[in-house]
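As provided, entry_9.pdb (PDB, C-alpha atoms) reads as follows.
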```pdb
ATOM      1  CA  GLY K   1      82.751 -39.809 -71.604
ATOM      2  CA  GLU K   2      81.156 -42.603 -69.693
ATOM      3  CA  SER K   3      77.436 -43.150 -69.743
ATOM      4  CA  VAL K   4      74.874 -45.835 -69.313
ATOM      5  CA  GLY K   5      71.560 -44.990 -70.890
ATOM      6  CA  LEU K   6      68.276 -46.503 -71.930
ATOM      7  CA  HIS K   7      66.534 -46.262 -75.303
ATOM      8  CA  LEU K   8      62.909 -46.302 -74.124
ATOM      9  CA  PRO K   9      61.703 -44.353 -71.110
ATOM     10  CA  THR K  10      58.327 -46.157 -70.914
ATOM     11  CA  LEU K  11      57.327 -49.625 -72.056
ATOM     12  CA  SER K  12      53.702 -50.752 -72.047
ATOM     13  CA  VAL K  13      53.266 -54.526 -72.208
ATOM     14  CA  GLN K  14      50.268 -56.829 -72.291
ATOM     15  CA  GLU K  15      50.189 -59.354 -69.481
ATOM     16  CA  GLY K  16      51.632 -62.635 -70.674
ATOM     17  CA  ASP K  17      53.731 -61.065 -73.423
ATOM     18  CA  ASN K  18      57.509 -60.846 -73.333
ATOM     19  CA  SER K  19      59.221 -57.551 -72.440
ATOM     20  CA  ILE K  20      62.518 -56.301 -73.780
ATOM     21  CA  ILE K  21      64.295 -53.398 -72.090
ATOM     22  CA  ASN K  22      67.330 -51.958 -73.814
ATOM     23  CA  CYS K  23      70.380 -50.146 -72.513
ATOM     24  CA  ALA K  24      73.407 -48.592 -74.210
ATOM     25  CA  TYR K  25      76.767 -48.011 -72.633
ATOM     26  CA  SER K  26      79.680 -46.032 -73.965
ATOM     27  CA  ASN K  27      82.683 -47.235 -71.976
ATOM     28  CA  SER K  28      84.214 -50.386 -73.422
ATOM     29  CA  ALA K  29      86.273 -50.763 -70.227
ATOM     30  CA  SER K  30      83.163 -51.643 -68.223
ATOM     31  CA  ASP K  31      83.482 -55.232 -67.027
ATOM     32  CA  TYR K  32      80.254 -55.927 -65.185
ATOM     33  CA  PHE K  33      76.621 -55.050 -65.819
ATOM     34  CA  ILE K  34      73.610 -55.302 -63.579
ATOM     35  CA  TRP K  35      69.860 -54.946 -63.945
ATOM     36  CA  TYR K  36      67.790 -53.628 -61.064
ATOM     37  CA  LYS K  37      64.045 -53.368 -60.590
ATOM     38  CA  GLN K  38      62.671 -50.525 -58.498
ATOM     39  CA  GLU K  39      59.077 -50.462 -57.333
ATOM     40  CA  SER K  40      57.473 -47.299 -56.060
ATOM     41  CA  GLY K  41      58.753 -46.329 -52.626
ATOM     42  CA  LYS K  42      61.375 -49.069 -52.529
ATOM     43  CA  GLY K  43      65.072 -49.413 -53.143
ATOM     44  CA  PRO K  44      66.462 -51.059 -56.298
ATOM     45  CA  GLN K  45      66.155 -54.835 -56.271
ATOM     46  CA  PHE K  46      68.870 -56.943 -57.922
ATOM     47  CA  ILE K  47      67.535 -58.947 -60.885
ATOM     48  CA  ILE K  48      70.450 -60.354 -62.811
ATOM     49  CA  ASP K  49      74.049 -59.551 -63.697
ATOM     50  CA  ILE K  50      76.507 -60.377 -66.451
ATOM     51  CA  ARG K  51      80.237 -60.054 -66.852
ATOM     52  CA  SER K  52      81.888 -58.642 -69.931
ATOM     53  CA  ASN K  53      83.300 -62.061 -70.905
ATOM     54  CA  MET K  54      79.772 -63.414 -71.377
ATOM     55  CA  ASP K  55      77.132 -62.785 -74.064
ATOM     56  CA  LYS K  56      74.062 -64.170 -72.361
ATOM     57  CA  ARG K  57      72.871 -65.140 -68.930
ATOM     58  CA  GLN K  58      69.541 -66.575 -67.883
ATOM     59  CA  GLY K  59      67.631 -66.417 -64.650
ATOM     60  CA  GLN K  60      64.107 -67.219 -63.657
ATOM     61  CA  ARG K  61      61.945 -65.659 -66.417
ATOM     62  CA  VAL K  62      64.715 -63.165 -67.194
ATOM     63  CA  THR K  63      67.548 -63.160 -69.690
ATOM     64  CA  VAL K  64      70.284 -60.576 -70.076
ATOM     65  CA  LEU K  65      72.079 -60.196 -73.391
ATOM     66  CA  LEU K  66      75.335 -58.327 -73.837
ATOM     67  CA  ASN K  67      76.549 -57.184 -77.243
ATOM     68  CA  LYS K  68      80.002 -55.734 -76.758
ATOM     69  CA  THR K  69      80.407 -54.911 -80.452
ATOM     70  CA  VAL K  70      77.702 -52.254 -80.292
ATOM     71  CA  LYS K  71      77.910 -51.683 -76.531
ATOM     72  CA  HIS K  72      74.334 -52.773 -75.950
ATOM     73  CA  LEU K  73      72.662 -54.532 -73.035
ATOM     74  CA  SER K  74      69.124 -55.861 -72.895
ATOM     75  CA  LEU K  75      66.842 -57.444 -70.341
ATOM     76  CA  GLN K  76      64.176 -59.841 -71.516
ATOM     77  CA  ILE K  77      61.297 -60.736 -69.231
ATOM     78  CA  ALA K  78      59.264 -63.747 -70.265
ATOM     79  CA  ALA K  79      55.499 -63.936 -69.707
ATOM     80  CA  THR K  80      55.301 -60.497 -68.114
ATOM     81  CA  GLN K  81      53.137 -60.342 -65.016
ATOM     82  CA  PRO K  82      51.449 -57.418 -63.212
ATOM     83  CA  GLY K  83      54.087 -57.699 -60.495
ATOM     84  CA  ASP K  84      56.724 -56.845 -63.092
ATOM     85  CA  SER K  85      55.404 -53.277 -63.304
ATOM     86  CA  ALA K  86      58.266 -51.111 -62.053
ATOM     87  CA  VAL K  87      61.177 -48.967 -63.190
ATOM     88  CA  TYR K  88      64.125 -50.949 -64.486
ATOM     89  CA  PHE K  89      67.689 -49.672 -64.343
ATOM     90  CA  CYS K  90      70.811 -50.976 -65.966
ATOM     91  CA  ALA K  91      74.083 -50.188 -64.261
ATOM     92  CA  GLU K  92      77.709 -50.718 -65.061
ATOM     93  CA  ASN K  93      80.495 -51.475 -62.678
ATOM     94  CA  LYS K  94      84.164 -50.944 -63.330
ATOM     95  CA  LYS K  95      86.472 -52.589 -60.858
ATOM     96  CA  ALA K  96      89.321 -50.327 -61.921
ATOM     97  CA  ALA K  97      87.180 -47.326 -60.956
ATOM     98  CA  GLY K  98      86.616 -48.637 -57.451
ATOM     99  CA  ASN K  99      83.586 -50.882 -57.751
ATOM    100  CA  LYS K 100      80.987 -48.138 -57.966
ATOM    101  CA  LEU K 101      77.773 -48.471 -59.949
ATOM    102  CA  THR K 102      76.922 -46.045 -62.746
ATOM    103  CA  PHE K 103      73.199 -46.088 -63.463
ATOM    104  CA  GLY K 104      71.176 -45.148 -66.488
ATOM    105  CA  GLY K 105      67.994 -43.106 -66.279
ATOM    106  CA  GLY K 106      65.560 -46.016 -66.037
ATOM    107  CA  THR K 107      62.689 -47.478 -68.063
ATOM    108  CA  ARG K 108      59.202 -47.690 -66.662
ATOM    109  CA  VAL K 109      57.407 -50.937 -67.507
ATOM    110  CA  LEU K 110      53.603 -50.897 -67.321
ATOM    111  CA  VAL K 111      51.845 -54.254 -67.528
ATOM    112  CA  LYS K 112      48.318 -54.096 -68.879
ATOM    113  CA  PRO K 113      45.879 -56.793 -67.721
TER     114      PRO K 113
ATOM    115  CA  GLU N   1      64.168 -58.262 -48.716
ATOM    116  CA  THR N   2      67.915 -57.721 -48.922
ATOM    117  CA  GLY N   3      68.645 -57.435 -45.210
ATOM    118  CA  VAL N   4      69.910 -53.882 -45.680
ATOM    119  CA  THR N   5      68.064 -51.481 -43.405
ATOM    120  CA  GLN N   6      68.028 -47.701 -43.346
ATOM    121  CA  SER N   7      66.724 -45.114 -40.929
ATOM    122  CA  PRO N   8      64.815 -42.940 -40.828
ATOM    123  CA  THR N   9      62.427 -43.714 -43.700
ATOM    124  CA  HIS N  10      61.445 -40.082 -44.176
ATOM    125  CA  LEU N  11      62.936 -36.815 -43.007
ATOM    126  CA  ILE N  12      62.110 -33.133 -43.430
ATOM    127  CA  LYS N  13      64.799 -30.517 -42.867
ATOM    128  CA  THR N  14      65.226 -26.842 -43.633
ATOM    129  CA  ARG N  15      67.947 -25.270 -45.727
ATOM    130  CA  GLY N  16      71.217 -24.871 -43.823
ATOM    131  CA  GLN N  17      70.553 -27.666 -41.369
ATOM    132  CA  GLN N  18      72.571 -30.854 -40.992
ATOM    133  CA  VAL N  19      71.306 -34.425 -41.337
ATOM    134  CA  THR N  20      72.574 -37.902 -40.474
ATOM    135  CA  LEU N  21      71.253 -40.978 -42.231
ATOM    136  CA  ARG N  22      71.964 -44.492 -41.049
ATOM    137  CA  CYS N  23      72.428 -47.852 -42.725
ATOM    138  CA  SER N  24      72.884 -51.394 -41.486
ATOM    139  CA  SER N  25      74.474 -53.650 -44.043
ATOM    140  CA  GLN N  26      73.452 -57.195 -44.808
ATOM    141  CA  SER N  27      74.958 -59.719 -42.409
ATOM    142  CA  GLY N  28      78.519 -60.579 -43.434
ATOM    143  CA  HIS N  29      78.861 -57.639 -45.831
ATOM    144  CA  ASN N  30      81.832 -55.364 -45.134
ATOM    145  CA  THR N  31      81.403 -52.849 -47.962
ATOM    146  CA  VAL N  32      78.790 -50.104 -47.981
ATOM    147  CA  SER N  33      78.046 -47.628 -50.755
ATOM    148  CA  TRP N  34      75.790 -44.580 -50.655
ATOM    149  CA  TYR N  35      73.768 -43.233 -53.560
ATOM    150  CA  GLN N  36      71.560 -40.207 -54.115
ATOM    151  CA  GLN N  37      68.477 -40.669 -56.292
ATOM    152  CA  ALA N  38      66.665 -37.555 -57.427
ATOM    153  CA  LEU N  39      63.051 -37.939 -58.465
ATOM    154  CA  GLY N  40      62.754 -39.591 -61.872
ATOM    155  CA  GLN N  41      66.459 -40.324 -62.186
ATOM    156  CA  GLY N  42      68.842 -43.177 -61.602
ATOM    157  CA  PRO N  43      70.923 -43.347 -58.422
ATOM    158  CA  GLN N  44      74.169 -41.370 -58.344
ATOM    159  CA  PHE N  45      77.193 -42.730 -56.478
ATOM    160  CA  ILE N  46      78.231 -40.629 -53.472
ATOM    161  CA  PHE N  47      80.949 -42.730 -51.832
ATOM    162  CA  GLN N  48      81.881 -46.190 -50.640
ATOM    163  CA  TYR N  49      83.256 -47.501 -47.356
ATOM    164  CA  TYR N  50      85.280 -50.640 -46.874
ATOM    165  CA  ARG N  51      86.465 -51.732 -43.451
ATOM    166  CA  GLU N  52      85.853 -48.268 -41.995
ATOM    167  CA  GLU N  53      87.820 -46.425 -44.692
ATOM    168  CA  GLU N  54      86.452 -44.380 -47.594
ATOM    169  CA  ASN N  55      87.158 -46.210 -50.830
ATOM    170  CA  GLY N  56      86.065 -44.076 -53.734
ATOM    171  CA  ARG N  57      83.949 -40.954 -53.994
ATOM    172  CA  GLY N  58      81.624 -39.577 -56.641
ATOM    173  CA  ASN N  59      81.122 -35.994 -57.718
ATOM    174  CA  PHE N  60      79.705 -34.689 -54.463
ATOM    175  CA  PRO N  61      80.984 -31.731 -52.376
ATOM    176  CA  PRO N  62      82.821 -32.196 -49.062
ATOM    177  CA  ARG N  63      79.693 -31.320 -47.080
ATOM    178  CA  PHE N  64      78.680 -34.913 -47.876
ATOM    179  CA  SER N  65      80.652 -37.088 -45.477
ATOM    180  CA  GLY N  66      80.389 -40.584 -44.164
ATOM    181  CA  LEU N  67      81.469 -43.047 -41.581
ATOM    182  CA  GLN N  68      81.613 -46.801 -41.226
ATOM    183  CA  PHE N  69      81.661 -48.543 -37.874
ATOM    184  CA  PRO N  70      83.420 -51.772 -36.805
ATOM    185  CA  ASN N  71      80.146 -53.685 -37.264
ATOM    186  CA  TYR N  72      80.104 -52.331 -40.866
ATOM    187  CA  SER N  73      77.041 -50.173 -40.357
ATOM    188  CA  SER N  74      77.386 -46.736 -41.867
ATOM    189  CA  GLU N  75      76.283 -43.122 -41.638
ATOM    190  CA  LEU N  76      75.877 -40.452 -44.261
ATOM    191  CA  ASN N  77      76.143 -36.879 -43.026
ATOM    192  CA  VAL N  78      75.160 -33.846 -45.031
ATOM    193  CA  ASN N  79      75.973 -30.360 -43.746
ATOM    194  CA  ALA N  80      74.549 -27.022 -44.834
ATOM    195  CA  LEU N  81      71.573 -28.617 -46.575
ATOM    196  CA  GLU N  82      70.445 -27.154 -49.879
ATOM    197  CA  LEU N  83      67.086 -27.491 -51.600
ATOM    198  CA  ASP N  84      68.673 -29.680 -54.288
ATOM    199  CA  ASP N  85      69.674 -32.200 -51.635
ATOM    200  CA  SER N  86      66.046 -33.340 -51.574
ATOM    201  CA  ALA N  87      66.210 -36.916 -52.815
ATOM    202  CA  LEU N  88      66.039 -40.582 -51.914
ATOM    203  CA  TYR N  89      69.287 -41.645 -50.260
ATOM    204  CA  LEU N  90      70.129 -45.276 -50.833
ATOM    205  CA  CYS N  91      72.578 -47.479 -49.050
ATOM    206  CA  ALA N  92      73.905 -50.637 -50.696
ATOM    207  CA  SER N  93      76.051 -53.347 -49.224
ATOM    208  CA  SER N  94      78.235 -55.975 -50.857
ATOM    209  CA  LEU N  95      79.969 -59.024 -49.497
ATOM    210  CA  SER N  96      83.401 -57.505 -49.988
ATOM    211  CA  LEU N  97      85.206 -54.826 -51.932
ATOM    212  CA  HIS N  98      85.821 -57.326 -54.713
ATOM    213  CA  GLN N  99      82.259 -58.584 -54.874
ATOM    214  CA  GLU N 100      80.527 -56.361 -57.383
ATOM    215  CA  THR N 101      76.910 -57.199 -56.640
ATOM    216  CA  GLN N 102      75.393 -54.529 -54.432
ATOM    217  CA  TYR N 103      72.169 -55.013 -52.498
ATOM    218  CA  PHE N 104      70.133 -51.935 -51.723
ATOM    219  CA  GLY N 105      68.135 -50.875 -48.721
ATOM    220  CA  PRO N 106      64.735 -49.164 -48.950
ATOM    221  CA  GLY N 107      66.237 -45.683 -48.779
ATOM    222  CA  THR N 108      65.634 -42.541 -46.769
ATOM    223  CA  ARG N 109      63.464 -39.875 -48.389
ATOM    224  CA  LEU N 110      64.881 -36.451 -47.501
ATOM    225  CA  LEU N 111      62.946 -33.264 -48.151
ATOM    226  CA  VAL N 112      64.733 -29.950 -47.705
ATOM    227  CA  LEU N 113      62.483 -26.903 -47.383
TER     228      LEU N 113
END
```
What is this file in structure tokens?
Amino acid sequence: GESVGLHLPTLSVQEGDNSIINCAYSNSASDYFIWYKQESGKGPQFIIDIRSNMDKRQGQRVTVLLNKTVKHLSLQIAATQPGDSAVYFCAENKKAAGNKLTFGGGTRVLVKP
Amino acid sequence: ETGVTQSPTHLIKTRGQQVTLRCSSQSGHNTVSWYQQALGQGPQFIFQYYREEENGRGNFPPRFSGLQFPNYSSELNVNALELDDSALYLCASSLSLHQETQYFGPGTRLLVL
């Protein structure tokens, strides 16, 4: 079946350290992956995306890595800040399936001062 | 802020009632998707609208219906409400059907008693 899931439900990080959030997917036909950040009481906020023909993509303080061999996606946050505390979701998008997002269960990141 | 707005922000209904939720997409975006997010879970795709037509539907019963207007705003209607319909309902817009990145609104929190 198809699934997008996360390895760690909660990640506690010291302020200033780097954070790594992992995600596994099972459908090799997925062609687009997205990371969202969701703060309490808000909708998911787009962070960064990557297409299946890429291995790595960098943004401001964030990097997404895609390993298609083991169907693994990760989000790295550099110099984690208190404002990074939130739930992070990975999602996959399959154009052939009609451009709908399939989300994993989320990882909560807690930044300790 | 993504420019996607939703109303109302909160809503309380009783079992068996009907509800209508509204969404205004980001300026220039002609595709709107609706998601249901139960507490502690990732969003689940309900359906998508493109140029006033339904374009893809998730595993939701027919009592979940939608509409998109010529200005690309959208409504989600749920009939015969059940307790399990209590959730955060999220609307996401994208530039076009072929633009995968979806930008979410703040959501409507629905409580069914």
Quick one: distance from atom CA of Asn93 of chain K to atom CA of Ile34 of chain K in Å, one decimal?
->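 Here the two named atoms are 7.9 Å from each other.
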Selection result of the ChimeraX specification (/K :<9) & /N on this file, as a PyMOL selection string | chain N and resi 1-2+33+40-45+47-48+55-58+88+90-91+97-107
If we count all atoms listed in the file, what is near Met54 of chain K at a cut-off of 12 Å, once residues fewer than 4 positions away on the same chain are taken out, given as a list of chain:residue names?
->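 In the requested format, the answer is K:Asp31, K:Tyr32, K:Phe33, K:Asp49, K:Ile50, K:Gln58, K:Val64, K:Leu65, K:Leu66, K:Asn67, K:Lys68, K:Leu73.
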Atoms kept (C-alpha atoms) for selection, written as a short mmCIF file (atom, residue, chain, number, x, y, z; two decimals), keeping the file's coordinate frame:
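Just written: out-v1.cif:
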```cif
data_model
loop_
_atom_site.label_atom_id
_atom_site.label_comp_id
_atom_site.auth_asym_id
_atom_site.auth_seq_id
_atom_site.Cartn_x
_atom_site.Cartn_y
_atom_site.Cartn_z
CA ASP K 31 83.48 -55.23 -67.03
CA TYR K 32 80.25 -55.93 -65.18
CA PHE K 33 76.62 -55.05 -65.82
CA ASP K 49 74.05 -59.55 -63.70
CA ILE K 50 76.51 -60.38 -66.45
CA GLN K 58 69.54 -66.58 -67.88
CA VAL K 64 70.28 -60.58 -70.08
CA LEU K 65 72.08 -60.20 -73.39
CA LEU K 66 75.33 -58.33 -73.84
CA ASN K 67 76.55 -57.18 -77.24
CA LYS K 68 80.00 -55.73 -76.76
CA LEU K 73 72.66 -54.53 -73.04
#
```
Do you have the atom CA of Ser12 of chain K-atom CA of Ile47 of chain K distance handy?
->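 Those two atoms sit 19.6 Å apart.
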Would you list the residues near (64.9, -31.0, -40.4) (no more than 12 Å away, in the coordinates of the file, using all atoms listed in the file) as a PDB file with C-alpha atoms, in the frame of the given file?
```
ATOM      1  CA  PRO N   8      64.815 -42.940 -40.828  1.00  0.00           C
ATOM      2  CA  HIS N  10      61.445 -40.082 -44.176  1.00  0.00           C
ATOM      3  CA  LEU N  11      62.936 -36.815 -43.007  1.00  0.00           C
ATOM      4  CA  ILE N  12      62.110 -33.133 -43.430  1.00  0.00           C
ATOM      5  CA  LYS N  13      64.799 -30.517 -42.867  1.00  0.00           C
ATOM      6  CA  THR N  14      65.226 -26.842 -43.633  1.00  0.00           C
ATOM      7  CA  ARG N  15      67.947 -25.270 -45.727  1.00  0.00           C
ATOM      8  CA  GLY N  16      71.217 -24.871 -43.823  1.00  0.00           C
ATOM      9  CA  GLN N  17      70.553 -27.666 -41.369  1.00  0.00           C
ATOM     10  CA  GLN N  18      72.571 -30.854 -40.992  1.00  0.00           C
ATOM     11  CA  VAL N  19      71.306 -34.425 -41.337  1.00  0.00           C
ATOM     12  CA  THR N  20      72.574 -37.902 -40.474  1.00  0.00           C
ATOM     13  CA  LEU N  21      71.253 -40.978 -42.231  1.00  0.00           C
ATOM     14  CA  VAL N  78      75.160 -33.846 -45.031  1.00  0.00           C
ATOM     15  CA  ASN N  79      75.973 -30.360 -43.746  1.00  0.00           C
ATOM     16  CA  ALA N  80      74.549 -27.022 -44.834  1.00  0.00           C
ATOM     17  CA  LEU N  81      71.573 -28.617 -46.575  1.00  0.00           C
ATOM     18  CA  GLU N  82      70.445 -27.154 -49.879  1.00  0.00           C
ATOM     19  CA  LEU N  83      67.086 -27.491 -51.600  1.00  0.00           C
ATOM     20  CA  SER N  86      66.046 -33.340 -51.574  1.00  0.00           C
ATOM     21  CA  LEU N 110      64.881 -36.451 -47.501  1.00  0.00           C
ATOM     22  CA  LEU N 111      62.946 -33.264 -48.151  1.00  0.00           C
ATOM     23  CA  VAL N 112      64.733 -29.950 -47.705  1.00  0.00           C
ATOM     24  CA  LEU N 113      62.483 -26.903 -47.383  1.00  0.00           C
TER      25      LEU N 113
END
```
If you measure from atom CA of Arg61 of chain K to atom CA of Gln81 of chain K, what distance in Å do you get, rounded to one decimal?
->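 Interatomic distance, atom CA of Arg61 of chain K to atom CA of Gln81 of chain K: 10.4 Å.
Selection check: the PyMOL selection byres ((chain N and resi 29) around 7) on the shown file gives N:Ser25, N:Gln26, N:Ser27, N:Gly28, N:Asn30, N:Thr31, N:Ser93, N:Ser94, N:Leu95, N:Ser96.
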